[in-house]
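Working notes, structure below.
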Amino acid sequence: MQHGDEGFLKLPLKTGHCTQMDLEVKADENKLIIPGSSARLTSIVSDTRDARSVINLQVTNTGLAPAFFSVAPRECTPRIEDSSNTQKSLIPPMHTNIFTMELALEISHDDYRCSIALINGVGVAVATRDVAIKKNDRCFCVWHCDCVCLGKYSFRRSLRVVKKVNIH
């Protein structure tokens, strides 16, 4: 039967019987839904005072199913001990959640570079982002741009785009 632009199959059944049908359907718009397979670190703000850095991370679940996510620092130079202990959080599909991490920094260093990993419910990193952490400064890492710290640069400075592979 045809109803407007949409077609559907209507089979009236009055008595019990077994039928087998082979249907051919275009699979152009079909997607496999795997919870936790698709997410993004939308923005990261590091705010450092004295020997502690508070990092706020905006995480967006870009998938089509709710999923658990957590964040963790990886590959920090110089090395930072992970004292953050962020909990897994359930994020609905196409929604954003804020994670907060606290990192203890060594007094002897002023600048740090870390890779922050977004980890799904089964422990797989689905996104990573390089982050700038500077003592007594606030740094912003937004979308596909390099991080900008307020102490060194003007906030209105044009942002240089980084490789897309670092964010997704």
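Numbering starts fresh at 1 for the residues of each chain in the structure tokens, the chains themselves are lettered A, B, ... in the order given, and ligands are numbered from 1 as they appear.
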Checklist entry - In chain A, what's strand (DSSP E) per DSSP? Answer as a ChimeraX atom specification? => result /A:2-3,6-7,39-49,52-61,67-77,89-91,95-104,111-120,125-134,138-142,148-149
Next on the checklist: Residues within 8 Å of stretch 30-46 of chain A, please, as a ChimeraX atom specification. Count only C-alpha atoms; anything in the same chain fewer than 4 positions from it doesn't count.
Outcome noted: /A:53-69,118,120-121,126-129,131-133,138-143,167-168
Item to check | Distance in Å - atom CA of A:Leu103 versus atom CA of A:Val148 | outcome: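 Atom-to-atom, atom CA of A:Leu103 and atom CA of A:Val148 are spaced 19.2 Å apart.
Remark: for A:Lys135, the closest of the candidate residues A:Ala51, A:Ala72, A:Ile116, A:Met94 is A:Ala51 (distances computed over only C-alpha atoms).
Between A:Gly123 and the residues A:His17, A:Thr96, A:His109, A:Lys88, the shortest atom-to-atom distance, using only C-alpha atoms, involves A:Lys88.
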